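**Student:** What follows is my_file-v7.cif, made up of mmCIF, C-alpha atoms and all ligand atoms:
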```
data_coords
#
loop_
_atom_site.label_atom_id
_atom_site.label_comp_id
_atom_site.auth_asym_id
_atom_site.auth_seq_id
_atom_site.Cartn_x
_atom_site.Cartn_y
_atom_site.Cartn_z
CA MET A 1 29.97 29.58 2.48
CA LYS A 2 29.75 33.35 2.63
CA ILE A 3 27.07 34.77 0.36
CA GLU A 4 29.54 37.05 -1.32
CA ASN A 5 31.74 34.08 -2.24
CA ALA A 6 28.77 32.16 -3.49
CA MET A 7 27.86 35.09 -5.71
CA LYS A 8 31.36 35.26 -7.11
CA ARG A 9 31.29 31.55 -7.83
CA ARG A 10 27.97 31.75 -9.56
CA GLN A 11 29.21 34.64 -11.66
CA PHE A 12 32.30 32.66 -12.53
CA LEU A 13 30.18 29.69 -13.52
CA LYS A 14 27.85 31.82 -15.58
CA GLY A 15 30.78 33.29 -17.44
CA THR A 16 32.25 29.88 -18.10
CA LEU A 17 29.28 27.74 -18.88
CA GLY A 18 26.57 30.10 -20.00
CA VAL A 19 23.22 30.52 -18.32
CA ALA A 20 21.58 27.56 -20.03
CA SER A 21 24.16 25.09 -18.78
CA LEU A 22 24.03 26.64 -15.34
CA ILE A 23 20.32 25.97 -15.16
CA ALA A 24 20.93 22.45 -16.41
CA LEU A 25 23.55 22.06 -13.71
CA ALA A 26 21.28 23.22 -10.96
CA GLY A 27 18.70 20.64 -11.96
CA CYS A 28 21.10 17.76 -12.27
CA ASP A 29 21.67 15.89 -9.06
CA ASN A 30 24.23 13.61 -10.56
CA LEU A 31 26.76 15.83 -12.23
CA THR A 32 29.49 13.29 -12.66
CA GLN A 33 27.14 10.81 -14.32
CA SER A 34 25.56 13.12 -16.86
CA SER A 35 26.66 12.63 -20.43
CA TRP A 36 27.95 16.11 -21.17
CA PHE A 37 29.47 17.02 -17.83
CA PRO A 38 32.73 15.06 -17.77
CA GLY A 39 33.88 16.82 -20.95
CA VAL A 40 33.52 20.16 -19.25
CA LEU A 41 35.39 18.95 -16.21
CA ASN A 42 38.29 17.66 -18.21
CA LYS A 43 38.95 21.15 -19.51
CA ALA A 44 39.28 22.77 -16.13
CA GLU A 45 39.84 20.75 -13.04
CA THR A 46 39.29 23.73 -10.75
CA LEU A 47 35.80 24.02 -12.18
CA THR A 48 35.03 20.68 -10.54
CA ASP A 49 35.60 22.16 -7.13
CA LEU A 50 33.68 25.31 -7.88
CA VAL A 51 30.69 23.51 -9.29
CA GLN A 52 30.59 20.98 -6.48
CA ARG A 53 30.87 23.59 -3.79
CA ALA A 54 28.51 26.09 -5.35
CA ILE A 55 25.76 23.83 -6.57
CA THR A 56 25.95 20.11 -5.82
CA PRO A 57 23.50 19.16 -3.11
CA ALA A 58 25.81 16.24 -2.24
CA ASN A 59 27.97 18.80 -0.50
CA ALA A 60 25.33 19.26 2.19
CA LEU A 61 25.65 17.39 5.46
CA ALA A 62 23.70 14.23 6.16
CA LYS A 63 21.35 14.54 9.12
CA GLU A 64 23.04 13.75 12.41
CA TYR A 65 21.15 12.19 15.31
CA THR A 66 21.64 12.04 19.07
CA ASP A 67 22.75 9.21 21.34
CA SER A 68 19.17 8.38 22.24
CA ASP A 69 18.38 7.72 18.56
CA VAL A 70 21.03 5.00 18.19
CA SER A 71 19.46 1.68 17.11
CA ALA A 72 19.55 -1.08 19.72
CA VAL A 73 20.70 -3.46 17.01
CA PHE A 74 22.65 -2.43 13.95
CA PRO A 75 22.24 -5.30 11.47
CA ALA A 76 25.27 -6.65 9.65
CA ASN A 77 24.84 -7.20 5.94
CA GLY A 78 26.70 -8.50 2.91
CA ASN A 79 29.94 -10.20 3.83
CA THR A 80 30.24 -10.46 7.59
CA ASP A 81 33.72 -12.00 7.71
CA PRO A 82 36.33 -11.98 4.93
CA GLY A 83 37.19 -15.50 6.09
CA THR A 84 40.72 -15.61 4.69
CA ALA A 85 43.76 -16.92 6.56
CA ASP A 86 45.36 -13.51 6.22
CA TYR A 87 42.37 -11.79 7.79
CA ALA A 88 42.19 -14.37 10.59
CA ALA A 89 45.83 -13.61 11.42
CA HIS A 90 44.96 -9.92 11.76
CA VAL A 91 42.07 -10.81 14.06
CA GLU A 92 44.53 -12.76 16.24
CA THR A 93 46.77 -9.72 16.65
CA ASP A 94 43.92 -7.26 17.19
CA PHE A 95 44.63 -5.67 13.80
CA ALA A 96 47.80 -4.04 15.19
CA LYS A 97 49.50 -4.50 11.81
CA TRP A 98 46.49 -3.76 9.59
CA GLN A 99 47.47 -1.18 7.01
CA VAL A 100 45.46 1.19 4.89
CA GLU A 101 47.46 2.22 1.85
CA VAL A 102 46.68 5.34 -0.16
CA VAL A 103 48.19 4.99 -3.61
CA GLY A 104 47.73 5.79 -7.30
CA LEU A 105 47.50 9.36 -8.57
CA VAL A 106 49.01 11.02 -5.51
CA GLN A 107 52.13 13.08 -4.90
CA THR A 108 53.20 10.91 -1.95
CA PRO A 109 51.82 7.38 -1.56
CA MET A 110 51.43 6.60 2.14
CA SER A 111 50.13 3.90 4.41
CA TRP A 112 48.80 3.99 7.94
CA THR A 113 48.58 1.15 10.41
CA LEU A 114 45.40 0.98 12.47
CA PRO A 115 47.20 2.37 15.57
CA ALA A 116 48.57 5.22 13.43
CA LEU A 117 45.08 6.03 12.11
CA LYS A 118 43.79 6.14 15.67
CA GLU A 119 46.41 8.74 16.59
CA LEU A 120 45.06 11.20 14.02
CA PRO A 121 42.27 13.64 14.92
CA SER A 122 38.94 11.83 14.78
CA ARG A 123 35.34 12.68 14.06
CA THR A 124 32.23 11.11 15.58
CA GLN A 125 28.85 11.20 13.86
CA ILE A 126 25.49 9.59 14.49
CA THR A 127 23.85 8.86 11.16
CA ARG A 128 21.30 6.62 9.50
CA HIS A 129 22.43 3.81 7.23
CA ASP A 130 19.98 2.85 4.47
CA CYS A 131 20.39 -0.49 2.75
CA VAL A 132 18.63 -1.12 -0.57
CA GLU A 133 17.48 -4.45 0.82
CA GLY A 134 14.95 -2.52 2.88
CA TRP A 135 16.38 -1.81 6.30
CA SER A 136 17.84 1.23 8.04
CA ALA A 137 19.73 1.66 11.29
CA ILE A 138 21.18 4.57 13.21
CA GLY A 139 24.74 4.18 14.43
CA LYS A 140 27.44 6.28 16.03
CA TRP A 141 30.62 6.14 13.98
CA SER A 142 34.10 7.40 14.88
CA GLY A 143 37.06 7.58 12.57
CA VAL A 144 39.49 9.68 10.60
CA PRO A 145 38.20 12.22 8.10
CA LEU A 146 39.35 10.99 4.71
CA GLY A 147 40.11 14.58 3.71
CA ASP A 148 42.90 14.65 6.30
CA LEU A 149 44.56 11.65 4.65
CA MET A 150 44.15 13.35 1.27
CA HIS A 151 46.04 16.37 2.55
CA HIS A 152 48.91 14.06 3.45
CA VAL A 153 49.12 12.23 0.12
CA GLN A 154 48.15 15.18 -2.10
CA PRO A 155 46.10 13.92 -5.03
CA LEU A 156 47.48 14.79 -8.47
CA PRO A 157 45.36 17.06 -10.69
CA ASN A 158 44.19 14.14 -12.83
CA ALA A 159 42.87 12.10 -9.89
CA LYS A 160 39.09 11.91 -10.39
CA TYR A 161 37.99 8.99 -8.21
CA ALA A 162 39.01 7.25 -5.02
CA VAL A 163 38.61 3.48 -5.19
CA PHE A 164 38.25 1.54 -1.94
CA HIS A 165 39.63 -1.98 -2.09
CA CYS A 166 38.36 -4.41 0.53
CA ALA A 167 39.73 -7.60 2.07
CA ASP A 168 36.68 -9.75 1.31
CA VAL A 169 36.30 -11.80 -1.84
CA ASP A 170 33.18 -13.55 -3.18
CA ASP A 171 32.88 -17.18 -4.31
CA GLU A 172 34.15 -16.26 -7.76
CA GLY A 173 37.20 -14.51 -6.37
CA MET A 174 35.88 -10.97 -6.97
CA ALA A 175 37.00 -8.59 -4.25
CA TYR A 176 34.48 -6.10 -2.88
CA TYR A 177 35.30 -2.55 -3.89
CA GLU A 178 33.67 0.83 -4.08
CA SER A 179 34.48 4.30 -5.38
CA MET A 180 33.59 7.95 -4.97
CA ALA A 181 34.38 11.21 -6.74
CA ILE A 182 37.51 12.81 -5.36
CA GLN A 183 35.50 15.80 -4.10
CA ASP A 184 33.48 13.52 -1.83
CA CYS A 185 36.69 12.48 -0.05
CA TYR A 186 36.75 15.99 1.41
CA HIS A 187 33.16 15.96 2.62
CA PRO A 188 33.40 16.47 6.41
CA GLN A 189 31.32 13.34 7.10
CA THR A 190 33.40 11.08 4.87
CA ILE A 191 35.42 9.11 7.40
CA LEU A 192 37.37 5.89 7.70
CA ALA A 193 35.53 4.56 10.73
CA TYR A 194 37.14 2.27 13.29
CA GLU A 195 34.45 2.50 15.99
CA LEU A 196 30.73 1.78 16.05
CA ASN A 197 28.76 2.93 19.10
CA GLY A 198 31.90 3.65 21.12
CA LYS A 199 33.52 0.24 20.57
CA PRO A 200 36.10 -0.97 18.06
CA LEU A 201 34.33 -2.15 14.91
CA ASP A 202 33.49 -5.82 15.13
CA ILE A 203 34.21 -8.24 12.32
CA SER A 204 30.69 -8.24 10.94
CA HIS A 205 30.62 -4.44 10.59
CA GLY A 206 33.94 -4.22 8.76
CA ALA A 207 36.77 -4.46 11.30
CA PRO A 208 39.09 -2.84 11.62
CA VAL A 209 38.32 0.03 9.20
CA ARG A 210 35.33 0.80 7.00
CA LEU A 211 34.17 3.73 4.98
CA ARG A 212 31.31 5.99 6.05
CA PHE A 213 30.10 7.94 3.04
CA GLU A 214 26.99 9.52 4.49
CA ARG A 215 24.32 10.71 2.01
CA GLN A 216 24.90 7.53 0.04
CA LEU A 217 23.29 4.09 0.25
CA GLY A 218 24.58 1.14 2.26
CA TYR A 219 26.51 -0.62 -0.48
CA LYS A 220 28.81 2.42 -0.82
CA GLN A 221 29.95 1.95 2.81
CA ALA A 222 32.93 -0.31 2.07
CA LYS A 223 34.00 -2.57 4.94
CA TYR A 224 37.46 -4.15 5.54
CA VAL A 225 39.27 -1.35 3.66
CA VAL A 226 42.88 -2.17 2.82
CA LYS A 227 43.71 0.16 -0.03
CA ILE A 228 42.51 3.48 -1.38
CA GLU A 229 43.57 4.02 -4.96
CA LEU A 230 43.22 7.36 -6.71
CA VAL A 231 42.51 7.00 -10.41
CA GLU A 232 41.47 9.05 -13.41
CA THR A 233 38.99 6.49 -14.71
CA LEU A 234 37.10 3.56 -13.22
CA GLY A 235 37.66 1.42 -16.31
CA GLY A 236 39.92 -1.55 -15.71
CA ILE A 237 38.94 -1.94 -12.05
CA GLY A 238 36.61 -4.89 -11.48
CA GLN A 239 34.12 -4.77 -14.37
CA GLY A 240 34.72 -1.04 -14.70
CA ARG A 241 31.49 0.32 -13.20
CA GLY A 242 32.97 1.62 -9.97
CA GLY A 243 31.94 -0.98 -7.43
CA TYR A 244 31.11 -4.57 -6.67
CA TRP A 245 27.35 -4.01 -6.81
CA GLU A 246 27.60 -1.43 -9.58
CA ASP A 247 29.22 -4.14 -11.70
CA GLN A 248 25.99 -6.08 -11.16
CA GLY A 249 23.75 -3.22 -12.17
CA TYR A 250 23.39 -0.92 -9.16
CA GLU A 251 23.74 2.82 -9.68
CA TRP A 252 27.21 4.26 -9.10
CA TYR A 253 25.72 7.45 -7.70
CA ALA A 254 23.72 6.23 -4.73
CA GLY A 255 22.76 9.59 -3.21
CA ILE A 256 20.04 9.69 -0.58
N1 LIG A 301 33.68 -5.11 2.02
C1 LIG A 301 32.33 -5.07 2.00
N2 LIG A 301 31.72 -3.92 2.23
C2 LIG A 301 30.37 -3.85 2.23
C3 LIG A 301 29.56 -4.99 1.94
C4 LIG A 301 30.25 -6.20 1.69
O1 LIG A 301 29.64 -7.27 1.45
N3 LIG A 301 31.64 -6.22 1.72
N4 LIG A 301 28.18 -4.89 1.93
C5 LIG A 301 27.62 -3.54 1.77
C6 LIG A 301 26.18 -3.42 2.08
S1 LIG A 301 25.08 -3.89 0.89
C7 LIG A 301 25.75 -2.82 3.22
S2 LIG A 301 24.10 -2.52 3.51
C8 LIG A 301 26.68 -2.45 4.28
C9 LIG A 301 26.35 -3.19 5.55
O2 LIG A 301 27.17 -2.75 6.59
P1 LIG A 301 26.98 -3.42 8.00
O3 LIG A 301 27.30 -4.88 7.86
O4 LIG A 301 27.90 -2.69 8.91
O5 LIG A 301 25.53 -3.24 8.36
O6 LIG A 301 28.03 -2.72 3.97
C10 LIG A 301 28.37 -2.52 2.61
N5 LIG A 301 29.79 -2.67 2.48
MO MO A 302 23.08 -2.94 1.50
#
```
Go ahead and express the file in the form of structure tokens.
**Tutor:**
Amino acid sequence: MKIENAMKRRQFLKGTLGVASLIALAGCDNLTQSSWFPGVLNKAETLTDLVQRAITPANALAKEYTDSDVSAVFPANGNTDPGTADYAAHVETDFAKWQVEVVGLVQTPMSWTLPALKELPSRTQITRHDCVEGWSAIGKWSGVPLGDLMHHVQPLPNAKYAVFHCADVDDEGMAYYESMAIQDCYHPQTILAYELNGKPLDISHGAPVRLRFERQLGYKQAKYVVKIELVETLGGIGQGRGGYWEDQGYEWYAGI
């Protein structure tokens, strides 16, 4: 961002929030989670953008590595095969008919088949994945920037979160899901990845499409993505805490 623009934004923020809140903002690394912040956001949606761009450290890029840093083995974790008949049928047909739907609070709901996703401009990034269970691995991911899909569907002004619904279900029938603030969908490293280390994603790593939400912990990296739903509130989805693991007590904001 140009310095001049940054200055203008800061001035705007100062005028809107007052200096005290601005200082509070600068020190808060989890804006969307803080108790007073959502109220401010509800009054002016454009403020969300300004604040995120001007101040939130989450807007910075995650470190990118080089080919020689790529881990020899990238472990697979959590569910490593959805194991349903439906999924097995997609495996049989090389996921040619797999669809990713983008629905909810959007101007134009759309869906893309895997081949259609692969025709869109792609991004490749070599990043480190950190799992809370105590392992990390560096992998080279390729996929479609989620922001590009957002430009197609056009989120409505009241869309606050993107929820990622996955094809795998646990023993109790709970589907894996995750969510992020709408602003994070536009982060340049937020991609729907279909390749790991130059090869189509294998089943254990989330074939055919999984989220890469760099700067966030492993459990945010939803595998087997079938639907992206834009919502105003996370209540009513799963247990209402924004993700499969969040519903079991993990933090929603898993910034690293
Ligand atoms: N659909 C789905 N996504 C998921 C999980 C899962 O069980 N199901 N596990 C999460 C966890 S805890 C981690 S660390 C990563 C593991 O990704 P990997 O198997 O490619 O290493 O996926 C995340 N995304
Ligand atoms: Mo994890």
**Student:** Of the candidates A:Pro157, A:Gly218, A:Gly236, A:Pro115, which shows the shortest atom-to-atom distance to ligand MO 302 (chain A), using only C-alpha atoms and all ligand atoms?
**Tutor:**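 So, comparing all the options, the nearest one is A:Gly218.
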**Student:** Could you list the protein, DNA and RNA residues that have any atom within 6 Å of ligand LIG 301 (chain A), counting only C-alpha atoms and all ligand atoms, and write them as a list in words?
**Tutor:**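 These are the residues that qualify: Pro75, Ala76, Asn77, Gly78, Asn79, Cys131, Cys166, Asp168, Tyr176, Ser204, His205, Gly218, Tyr219, Gln221, Ala222, Lys223 and Tyr224 of chain A.
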**Student:** Give the answer as one residue: which of A:Thr93, A:Gln216, A:Thr233, A:Asn158 has the shortest atom-to-atom distance to ligand MO 302 (chain A), using only C-alpha atoms and all ligand atoms?
**Tutor:** A:Gln216
**Student:** Could you please determine the separation between atom CA of A:Thr124 and atom CA of A:Ala89 in Å, to one decimal place?
**Tutor:**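 Going from atom CA of A:Thr124 over to atom CA of A:Ala89 covers 28.5 Å.
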**Student:** Residues at most 8 Å from A:Ala167, counting all atoms listed in the file, excluding those fewer than 2 positions away in the same chain, as number ranges by chain?
**Tutor:** A: 82, 87, 165, 169, 175-176, 224-226
**Student:** What is the distance, in Å and to one decimal place, between atom CA of A:Pro208 and atom CA of A:Val70?
**Tutor:** 20.8 Å
**Student:** Could you check which of A:Gly134, A:Gly173, A:Gly235, A:Gly198 is closest to ligand MO 302 (chain A), using only C-alpha atoms and all ligand atoms?
**Tutor:**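 Closest to ligand MO 302 (chain A) of all the choices is A:Gly134.
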**Student:** Using all atoms listed in the file, which residue out of A:Ser179, A:Tyr250, A:Thr108, A:Arg123 lies closest to ligand MO 302 (chain A)?
**Tutor:** A:Tyr250
**Student:** For a quick check of understanding, using all atoms listed in the file, which of A:Gln107, A:Gln125, A:Ser136, A:Gln183 has the smallest distance to ligand MO 302 (chain A)?
**Tutor:** A:Ser136
**Student:** When distances are computed from all atoms listed in the file, which of A:His90, A:Ile256, A:Gly143, A:Ala137 shows the smallest separation from A:Ala116?
**Tutor:** A:Gly143
**Student:** Atom CA of A:Arg215 and atom CA of A:Ile228, how far apart in Å?
**Tutor:**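 Atom CA of A:Arg215 lies at a distance of 19.9 Å from atom CA of A:Ile228.
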**Student:** Show which residues sit within 12 Å of A:Glu64, as an MDAnalysis selection string. Count all atoms listed in the file, and ignore same-chain residues fewer than 5 positions away.
**Tutor:** chainID A and resid 69:70 124:129 138:141 189 214:215
